[in-house]
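Quick notes on the structure that follows.
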Amino acid sequence: MGPHPAVAAIRLAVRRVLHDVLNHHCAQDRHEAPLVLAACSGGADSMALASALAFEAPKLGVRAGGVTIDHGLQEGSDLRAAEVAVRLRALRLDPVDVVSIHVGREGGPEAAARDARYAALDAAADRHGASAILLGHTRDDQAETVLLGLARGSGTRSLSGMAATTGTDGRYRRPFLDLDRQTARKACLVQALPVWDDPHNTDPAYTRSRLRHEGLPALEKCLGKGVVEALARTAQLSRDDADALDAWAAEAEGTVLDESGTLDVAALFALPPAVRRRVLRRAVIAAGSPAGSLFARHIEEVDRLITAWRGQGAINLPGRVGVRRQGGRLVVRQG
Ligand SMILES: Nc1ncnc2c1ncn2[C@@H]1O[C@H](COP(=O)(O)OP(=O)(O)OP(=O)(O)O)[C@@H](O)[C@H]1O
């Protein structure tokens, strides 16, 4: 008898990614076996991920390890991280790192925890020379991300949610983006894997948690069960659109930037708004605004400098970047 369908599904998802990692590794002419790490919080998604990695990796000649991070945000979180590490070692993952991090408050606690977590995961991958880090994001996480973007009034790039592959050299992989959370939970259940639910995931003080436990179930009740899948599809379609518009903007940049490094307002005006906003965003980031603190409303403000009748005006943006309209030109400078 084969494995339970949920276990088969998580293993297949991980196997596909491992094949891809192996191909990439071989293409680089590297001869030692690649190491792949599972980023594991101890929640159902990432425990399922770790178990599938532990099962599939040896069959493909891949070394498998794990990393668990203690954000230190609740009492006893260090004990929980230690228990997760014990379970990962019991799955025969090696190496298994437990990393304690300090979470600042910049940009809000959720964003700060995420930034600190990725920095710690990057450091762990560098320490061990890992080829990839697997993350347990599921289709449900993707749907939540799309809904959060919609609620903020975001454009296609934000609505495209999380990519299956991200990070320097594509080191972050999300094998479960096409699987629902229920499948991961079921896989843990039938394999008798313990899971530690992150208290933040059920804390109504967090927007994502409210969305997960109240918002999405209400939407499903109203619109039907297919809503998660539909939102994930929106993410994919938005990604394709955003990629095409980004490519167009990269090309258009050459026609609006003049020799003095300023932007030609008439040429900008002639571009479709979606492309123009992208060109402006690129210019502002190139001048020194951190991408993470630039929101749609900032770019809309810059855009108004172009579409306004008055041939002047100035605004300040994050990263001490100023944008000034001087007649037919737009000057974007830091300082
Ligand atoms: N403390 C942590 N240590 C290691 N990896 C983590 C940690 N927190 C999150 N991750 C990684 O990021 C992914 C997404 O985490 P997030 O908290 O957004 O979702 P989640 O639904 O809570 O996931 P899970 O059920 O695995 O905890 C996790 O599946 C895991 O791969």
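Naming works like this for the structure tokens: A, B, ... for the chains as they're shown, residue 1 at the start of each chain, ligands 1 onward in shown order.
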
May I ask you to write as number ranges by chain all residues lying at most 9 Å from ligand 1, with only C-alpha atoms and all ligand atoms counted?
A: 38-50, 66-71, 81, 98-99, 113-114, 117-118, 121, 133-138, 140-141, 174, 181, 184-185, 195-198, 200-201

For the selection you just gave me, I'd like the residues written to a file as a CSV table (one decimal), in the first residue's frame, keeping N, CA and C atoms.
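Done, and the output landed in part_8.csv:
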chain,number,residue,atom,x,y,z
A,38,ALA,N,15.6,22.7,5.5
A,38,ALA,CA,14.2,23.1,5.7
A,38,ALA,C,14.1,24.1,6.8
A,39,ALA,N,13.4,25.2,6.5
A,39,ALA,CA,13.2,26.3,7.6
A,39,ALA,C,12.0,25.8,8.3
A,40,CYS,N,12.1,25.5,9.6
A,40,CYS,CA,11.0,24.9,10.3
A,40,CYS,C,10.7,25.6,11.6
A,41,SER,N,9.4,26.1,11.6
A,41,SER,CA,9.0,26.8,12.8
A,41,SER,C,8.4,25.8,13.8
A,42,GLY,N,8.1,24.6,13.3
A,42,GLY,CA,7.5,23.6,14.2
A,42,GLY,C,6.0,23.5,13.9
A,43,GLY,N,5.5,24.5,13.1
A,43,GLY,CA,4.0,24.5,12.7
A,43,GLY,C,3.8,23.3,11.7
A,44,ALA,N,2.5,23.1,11.4
A,44,ALA,CA,2.2,21.9,10.6
A,44,ALA,C,2.9,22.0,9.2
A,45,ASP,N,2.8,23.2,8.6
A,45,ASP,CA,3.4,23.4,7.2
A,45,ASP,C,4.8,23.0,7.2
A,46,SER,N,5.6,23.5,8.1
A,46,SER,CA,7.0,23.3,8.0
A,46,SER,C,7.5,22.0,8.6
A,47,MET,N,6.6,21.4,9.5
A,47,MET,CA,7.0,20.0,9.9
A,47,MET,C,6.7,19.0,8.8
A,48,ALA,N,5.6,19.3,8.1
A,48,ALA,CA,5.4,18.4,6.9
A,48,ALA,C,6.5,18.5,5.9
A,49,LEU,N,7.0,19.8,5.7
A,49,LEU,CA,8.0,20.1,4.8
A,49,LEU,C,9.3,19.3,5.2
A,50,ALA,N,9.6,19.4,6.5
A,50,ALA,CA,10.9,18.7,7.0
A,50,ALA,C,10.8,17.2,6.8
A,66,GLY,N,18.2,21.2,8.7
A,66,GLY,CA,17.0,22.0,9.1
A,66,GLY,C,17.5,23.2,9.9
A,67,VAL,N,16.7,24.3,10.0
A,67,VAL,CA,17.0,25.4,10.8
A,67,VAL,C,15.7,25.8,11.5
A,68,THR,N,15.8,26.1,12.8
A,68,THR,CA,14.6,26.6,13.5
A,68,THR,C,15.1,27.9,14.2
A,69,ILE,N,14.2,28.9,14.1
A,69,ILE,CA,14.6,30.2,14.7
A,69,ILE,C,13.7,30.5,15.9
A,70,ASP,N,14.4,31.0,16.9
A,70,ASP,CA,13.7,31.4,18.1
A,70,ASP,C,13.6,33.0,18.1
A,71,HIS,N,12.4,33.5,17.8
A,71,HIS,CA,12.3,35.0,17.8
A,71,HIS,C,12.4,35.6,19.1
A,81,ALA,N,11.8,25.9,20.5
A,81,ALA,CA,12.8,25.8,19.4
A,81,ALA,C,13.6,24.6,19.6
A,98,VAL,N,19.7,25.7,15.7
A,98,VAL,CA,18.7,26.5,16.4
A,98,VAL,C,19.3,27.9,16.5
A,99,VAL,N,18.6,28.9,16.0
A,99,VAL,CA,19.2,30.2,16.0
A,99,VAL,C,18.3,31.2,16.8
A,113,ALA,N,10.1,40.8,12.4
A,113,ALA,CA,10.4,39.4,12.7
A,113,ALA,C,10.7,38.7,11.4
A,114,ARG,N,10.0,39.1,10.3
A,114,ARG,CA,10.3,38.4,9.0
A,114,ARG,C,11.7,38.8,8.5
A,117,ARG,N,14.2,37.1,10.5
A,117,ARG,CA,14.2,35.6,10.2
A,117,ARG,C,15.0,35.3,8.9
A,118,TYR,N,14.7,36.1,7.9
A,118,TYR,CA,15.4,35.8,6.6
A,118,TYR,C,16.9,36.1,6.7
A,121,LEU,N,18.2,33.0,8.4
A,121,LEU,CA,18.2,31.8,7.4
A,121,LEU,C,19.3,32.0,6.4
A,133,ILE,N,17.1,26.7,0.6
A,133,ILE,CA,16.3,26.7,1.9
A,133,ILE,C,14.9,26.5,1.5
A,134,LEU,N,14.2,25.5,2.1
A,134,LEU,CA,12.8,25.3,1.8
A,134,LEU,C,11.9,26.0,2.8
A,135,LEU,N,10.9,26.7,2.3
A,135,LEU,CA,9.9,27.3,3.2
A,135,LEU,C,8.6,26.7,3.0
A,136,GLY,N,7.8,26.7,4.1
A,136,GLY,CA,6.5,25.9,4.1
A,136,GLY,C,5.3,26.7,3.7
A,137,HIS,N,5.4,27.8,3.0
A,137,HIS,CA,4.2,28.6,2.6
A,137,HIS,C,3.3,27.8,1.7
A,138,THR,N,2.0,27.8,2.0
A,138,THR,CA,1.1,27.1,1.2
A,138,THR,C,0.2,28.0,0.4
A,140,ASP,N,-2.8,28.6,0.9
A,140,ASP,CA,-3.6,29.4,1.8
A,140,ASP,C,-2.8,30.7,2.2
A,141,ASP,N,-1.5,30.5,2.4
A,141,ASP,CA,-0.7,31.7,2.7
A,141,ASP,C,-0.7,32.7,1.5
A,174,ARG,N,9.7,27.4,-2.3
A,174,ARG,CA,8.4,27.2,-1.6
A,174,ARG,C,7.7,26.0,-2.3
A,181,ARG,N,-3.2,24.2,3.0
A,181,ARG,CA,-2.7,24.0,4.4
A,181,ARG,C,-3.3,22.7,5.0
A,184,ALA,N,-1.1,19.7,4.3
A,184,ALA,CA,0.1,19.6,5.2
A,184,ALA,C,-0.3,19.1,6.6
A,185,ARG,N,-1.4,19.7,7.1
A,185,ARG,CA,-1.9,19.2,8.4
A,185,ARG,C,-2.2,17.7,8.5
A,195,VAL,N,3.1,18.9,16.2
A,195,VAL,CA,3.2,20.3,15.6
A,195,VAL,C,3.0,21.3,16.8
A,196,TRP,N,3.7,22.4,16.7
A,196,TRP,CA,3.7,23.4,17.6
A,196,TRP,C,3.1,24.6,16.9
A,197,ASP,N,1.8,25.0,17.2
A,197,ASP,CA,1.2,26.1,16.5
A,197,ASP,C,1.8,27.4,17.1
A,198,ASP,N,2.3,28.2,16.3
A,198,ASP,CA,2.8,29.5,16.7
A,198,ASP,C,1.7,30.4,17.3
A,200,HIS,N,1.3,33.4,17.6
A,200,HIS,CA,1.0,34.5,16.8
A,200,HIS,C,0.0,34.2,15.7
A,201,ASN,N,0.0,32.9,15.3
A,201,ASN,CA,-0.9,32.6,14.2
A,201,ASN,C,-2.4,32.6,14.6

I'd like to know which residues of segment 119-152 of chain A are helix (DSSP H, G or I) (by DSSP, run on the backbone); could you write them as a ChimeraX atom specification?
/A:119-128,139-152

Residues at most 12 Å from Ala244 of chain A, counting only C-alpha atoms, excluding those fewer than 4 positions away in the same chain, as a PDB file with C-alpha atoms, in the first residue's frame?
ATOM      1  CA  THR A 156      -0.109  43.793  -9.730  1.00  0.00           C
ATOM      2  CA  ARG A 157       3.354  43.271  -8.234  1.00  0.00           C
ATOM      3  CA  LEU A 237      -1.870  36.006 -13.380  1.00  0.00           C
ATOM      4  CA  SER A 238      -0.747  39.179 -11.614  1.00  0.00           C
ATOM      5  CA  ARG A 239       2.832  37.899 -11.574  1.00  0.00           C
ATOM      6  CA  ASP A 240       2.784  37.360 -15.334  1.00  0.00           C
ATOM      7  CA  TRP A 248       8.494  47.254 -20.568  1.00  0.00           C
ATOM      8  CA  ALA A 249       9.517  49.791 -17.902  1.00  0.00           C
ATOM      9  CA  ALA A 250      13.160  48.693 -18.033  1.00  0.00           C
ATOM     10  CA  GLU A 251      13.116  49.283 -21.775  1.00  0.00           C
ATOM     11  CA  ALA A 274       1.339  51.437 -15.261  1.00  0.00           C
ATOM     12  CA  VAL A 275       4.665  51.648 -17.111  1.00  0.00           C
ATOM     13  CA  ARG A 278       7.303  51.606 -12.713  1.00  0.00           C
TER      14      ARG A 278
END

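For Pro3 of chain A, the non-local neighbours within 10 Å, defined as residues at least 6 positions apart in the same chain or in other chains and counting only C-alpha atoms, are Ala9, Arg11, Ala187, Val190 and Gln191 of chain A.
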
Hey, what's within 12 Å of Arg304 of chain A if we count only C-alpha atoms and toss same-chain stuff fewer than 4 positions away? As JSON, numbers by chain, please?
{"A": [265, 268, 269, 273, 276, 277, 280, 297, 298, 299, 300, 308, 309, 310, 311, 312, 313, 314, 315, 323, 324, 325, 330]}

Neighbours of Val146 of chain A within 10 Å (only C-alpha atoms; same-chain residues fewer than 3 positions away dropped), as a PyMOL selection string?
chain A and resi 140-143+149-152+154+156+158-162+228+231-235+238

Could you tell me how far atom CA of Ala52 of chain A sits from atom CA of Ile10 of chain A, in Å to one decimal place?
6.2 Å

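The neighbours of Ser289 of chain A here are the residues that come within 12 Å of it, using only C-alpha atoms and leaving out any residue fewer than 6 positions away in the same chain; they are Leu280, Arg281, Arg282, Ala283, Phe295, His298, Ile299, Asn316, Leu317, Pro318, Gly319, Arg320, Val321, Gly322, Val323, Val332, Arg333, Gln334 and Gly335 of chain A.
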
Which of A:Arg30, A:Arg80, A:His25, A:Lys59 sits closest to Pro199 of chain A [using only C-alpha atoms]:
A:Arg80
